[in-house]
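**Student:** Let me begin by handing over the structure; questions about it come next.
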Amino acid sequence: MGVLRILGPLLAALCAYYFYSQEAFSAEMVRGKRVLVTGSSTGIGEQMAYEFARMGAHVMVTARREEQLQQVVQKCLELGASSAAYVVSDMKNLTSAQKVVGEAKATFGGLDMLVLNHVGGNAGFQPFKGDMELVISSMTVNFLSYVQLTISAMDLLREAHGNIVVVSSMSGRIPAPFSTAYAAAKFALEGFYSSLRTELRLRGVDLPVTVAVLGYIDTDTALKIVGGKINMQASPKEDCAREIVRGGALRKREVFYPYWSTKPALLLRDWLPELMEQLIGQAYLLEKIL
């Protein structure tokens, strides 16, 4: 009963906040903007590229697989992108990551929005066995390359009064057993970009940072890694991409998707951490993991 007395007012407050925080959004906020989306050959990144294309943005996509990038570019043009281009890059190589921004500058003459979405360097969903190379790989792809891209793009973004969108995860905010190396990188992302956002504000630099905190999304990668191992329903990547694009265009501080399975969980983490740990334990099908 004590928990219910807390959760009732909490949910009511969340409902009110969610309703009144919805700002007006239109395609004109994006039309003609020069946007770089990483990790955009499949999944959420691909869908974000299509959302930007529908609204008339100049879209550059990047990933490792050239054939798939070519297909994404073609579809972006069909959907109405002002222009579309791609650059092949492996984010395990920080020099390669740095060159991506140079390609965007050469192609578009500048950059209005940097959308950091790529993921990799993970060994799946399994107990941590002390593999240091796995940790290094995950930190390089899922954290250090994000920082490298940001460093490379900051001057362009400041000149254009642009903004940064960082795709993070609930794994960067609550305990994520069986994906410790990935969680470490996401926690690092959260620390770096929340600190950077505050620092830029204190310095009077107009460069907003939006962090998207995502739950379980039905990308091919996520379904392959955790499908059948957790007791959760995956949310559609198309809706997820739409919410991230909207939040980035509106320069929101944070985006939560799906809202009702992420935001309440984060409040429970702070207010009722033991209950949160119990709920996490119930979501994992240990017989399919161990």
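How things are named: the first chain in the structure tokens is A, the next is B, and so on; residues count from 1 in each chain; ligands count from 1 in the order shown.
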DSSP says strand (DSSP E) for which residues of range 167-234 of chain A? Put them as a ChimeraX atom specification?
**Tutor:** /A:167-169,209-214
**Student:** Residues of range 231-289 of chain A that have any atom at most 10 Å from an atom of range 189-210 of chain A: could you tabulate them with the shortest-distance atom pair and the distance in Å to one decimal, using only C-alpha atoms, ordered by chain and increasing number, as a tab-separated table?
**Tutor:**
```
residue	atom	partner	partner_atom	distance
A:Ile244	CA	A:Thr210	CA	8.8
A:Gly247	CA	A:Thr210	CA	7.3
A:Gly248	CA	A:Thr210	CA	6.1
A:Ala249	CA	A:Thr210	CA	9.5
A:Leu250	CA	A:Thr210	CA	9.3
A:Arg251	CA	A:Pro208	CA	6.3
A:Lys252	CA	A:Thr210	CA	5.6
A:Arg253	CA	A:Thr210	CA	4.7
A:Glu254	CA	A:Thr210	CA	5.3
A:Val255	CA	A:Thr210	CA	7.2
```
**Student:** Output the selection as an mmCIF file, in the first residue's frame - N, CA and C atoms for each residue.
**Tutor:**
```
data_model
loop_
_atom_site.group_PDB
_atom_site.id
_atom_site.type_symbol
_atom_site.label_atom_id
_atom_site.label_comp_id
_atom_site.auth_asym_id
_atom_site.auth_seq_id
_atom_site.Cartn_x
_atom_site.Cartn_y
_atom_site.Cartn_z
ATOM 1 N N ILE A 244 12.707 10.995 -31.734
ATOM 2 C CA ILE A 244 14.056 11.560 -31.608
ATOM 3 C C ILE A 244 14.220 12.765 -32.531
ATOM 4 N N GLY A 247 12.331 15.672 -31.092
ATOM 5 C CA GLY A 247 13.029 16.240 -29.937
ATOM 6 C C GLY A 247 14.266 17.023 -30.346
ATOM 7 N N GLY A 248 14.986 16.514 -31.348
ATOM 8 C CA GLY A 248 16.160 17.232 -31.818
ATOM 9 C C GLY A 248 15.802 18.546 -32.486
ATOM 10 N N ALA A 249 14.762 18.539 -33.314
ATOM 11 C CA ALA A 249 14.334 19.765 -33.985
ATOM 12 C C ALA A 249 13.872 20.816 -32.986
ATOM 13 N N LEU A 250 13.224 20.366 -31.923
ATOM 14 C CA LEU A 250 12.752 21.284 -30.882
ATOM 15 C C LEU A 250 13.839 21.637 -29.871
ATOM 16 N N ARG A 251 15.014 21.015 -30.027
ATOM 17 C CA ARG A 251 16.163 21.255 -29.150
ATOM 18 C C ARG A 251 15.841 20.938 -27.700
ATOM 19 N N LYS A 252 15.136 19.864 -27.515
ATOM 20 C CA LYS A 252 14.812 19.448 -26.154
ATOM 21 C C LYS A 252 16.055 18.962 -25.436
ATOM 22 N N ARG A 253 16.021 19.067 -24.136
ATOM 23 C CA ARG A 253 17.138 18.586 -23.328
ATOM 24 C C ARG A 253 17.221 17.065 -23.375
ATOM 25 N N GLU A 254 16.071 16.394 -23.268
ATOM 26 C CA GLU A 254 16.019 14.942 -23.260
ATOM 27 C C GLU A 254 14.782 14.443 -23.997
ATOM 28 N N VAL A 255 14.901 13.254 -24.548
ATOM 29 C CA VAL A 255 13.776 12.547 -25.149
ATOM 30 C C VAL A 255 13.724 11.171 -24.501
#
```
**Student:** Just the residues within 8 Å of Glu46 in chain A, please, counting only C-alpha atoms, with nothing from its chain fewer than 6 positions along; format it as a PyMOL selection string.
**Tutor:** chain A and resi 39-40+72
**Student:** Can you work out which one of A:Ile174, A:Leu275, A:Met91, A:Ala104 has the shortest atom-to-atom distance to Val119 in chain A, counting only C-alpha atoms?
**Tutor:** A:Met91
**Student:** Taking only C-alpha atoms into account, which of A:Pro273, A:Gly215, A:Gly80, A:Gly110 comes nearest Ala153 in chain A?
**Tutor:**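 For Ala153 in chain A, the nearest of the candidates is A:Gly110.
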**Student:** So which residues touch Asn93 in chain A within 10 Å, counting only C-alpha atoms, skipping near sequence neighbours fewer than 2 positions away, as a VMD selection string?
**Tutor:** chain A and resid 89 to 91 95 to 98 140 to 141 144 to 145
**Student:** Considering only C-alpha atoms, return as a compact mmCIF listing (two decimals) with all heavy atoms, in the first residue's frame whatever protein or nucleic-acid residues lie within 6 Å of Phe125 in chain A, sequence-local ones (same chain, fewer than 6 positions apart) excluded.
**Tutor:**
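Output saved as part.txt:
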```
# COMPACT_ATOMS: atom_id res chain seq x y z
N PHE A 178 24.43 -8.38 -17.89
CA PHE A 178 24.66 -9.16 -19.11
C PHE A 178 24.99 -8.29 -20.32
O PHE A 178 25.08 -8.80 -21.43
CB PHE A 178 23.48 -10.08 -19.41
CG PHE A 178 23.07 -10.91 -18.22
CD1 PHE A 178 21.84 -10.71 -17.60
CD2 PHE A 178 23.93 -11.86 -17.70
CE1 PHE A 178 21.48 -11.45 -16.49
CE2 PHE A 178 23.57 -12.62 -16.59
CZ PHE A 178 22.35 -12.40 -15.99
N SER A 179 25.16 -7.00 -20.11
CA SER A 179 25.64 -6.11 -21.18
C SER A 179 26.51 -5.02 -20.54
O SER A 179 26.35 -3.84 -20.81
CB SER A 179 24.48 -5.50 -21.95
OG SER A 179 23.58 -4.84 -21.08
N ILE A 225 20.08 -9.78 -30.37
CA ILE A 225 20.89 -9.89 -29.15
C ILE A 225 20.05 -10.30 -27.94
O ILE A 225 20.44 -11.20 -27.19
CB ILE A 225 21.62 -8.56 -28.87
CG1 ILE A 225 22.68 -8.32 -29.95
CG2 ILE A 225 22.26 -8.57 -27.49
CD1 ILE A 225 23.37 -6.99 -29.83
```
**Student:** What separation in Å, quoted to one decimal, exists between CA of Glu28 in chain A and CA of Arg246 in chain A?
**Tutor:** 11.7 Å
**Student:** Going by DSSP on the backbone, which bits of range 117-200 of chain A are helix (DSSP H, G or I)? Write them as a PyMOL selection string, please.
**Tutor:** chain A and resi 132-159+170-172+180-200
**Student:** For Leu36 in chain A, which residue among A:Arg64, A:Val101, A:His118, A:Leu77 is the nearest when counting only C-alpha atoms?
**Tutor:**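 Using only C-alpha atoms, the shortest distance to Leu36 in chain A belongs to A:Val101.
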**Student:** Go through A:Val245, A:Met132, A:Leu149, A:Ala53 one by one, measure the shortest atom-to-atom distance of each to Lys99 in chain A using only C-alpha atoms, and give the residue with the smallest value.
**Tutor:**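 The shortest atom-to-atom distance to Lys99 in chain A comes from A:Leu149.
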**Student:** Can you work out which one of A:Val87, A:Leu268, A:Ile230, A:Met55 has the shortest atom-to-atom distance to Lys288 in chain A, counting only C-alpha atoms?
**Tutor:**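 Between A:Val87, A:Leu268, A:Ile230, A:Met55, the residue approaching Lys288 in chain A most closely is A:Ile230.
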**Student:** Rounded to one decimal place, report the CA of Arg31 in chain A-CA of Glu159 in chain A distance in Å.
**Tutor:**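 Separation between CA of Arg31 in chain A and CA of Glu159 in chain A: 18.1 Å.
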**Student:** Hey, what's within 7 Å of Lys186 in chain A if we count only C-alpha atoms and toss same-chain stuff fewer than 4 positions away? As a VMD selection string, please?
**Tutor:** chain A and resid 168 to 169 171 to 172 182 190
**Student:** Give me the residues within 12 Å of Ser82 in chain A as a list of chain:residue names, counting only C-alpha atoms and dropping any in the same chain fewer than 2 places off.
**Tutor:**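 Neighbouring residues, sequence-local ones excluded: A:Val30, A:Arg31, A:Gly32, A:Lys33, A:Arg34, A:Val35, A:Tyr50, A:Phe52, A:Ala53, A:Arg54, A:Met55, A:Gly56, A:Ala57, A:His58, A:Val59, A:Met60, A:Val73, A:Cys76, A:Leu77, A:Glu78, A:Leu79, A:Gly80, A:Ala84, A:Ala85, A:Phe108.
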**Student:** Rounded to one decimal, what separation in Å do you get between CA of Arg65 in chain A and CA of Asn142 in chain A?
**Tutor:**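 CA of Asn142 in chain A lies at a distance of 17.7 Å from CA of Arg65 in chain A.
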**Student:** Identify which of the residues A:Leu69, A:Met29, A:Val61, A:Ala160 lies closest to Leu111 in chain A, counting only C-alpha atoms when measuring atom-to-atom distances.
**Tutor:**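 With only C-alpha atoms as the atom set, the closest residue is A:Ala160.
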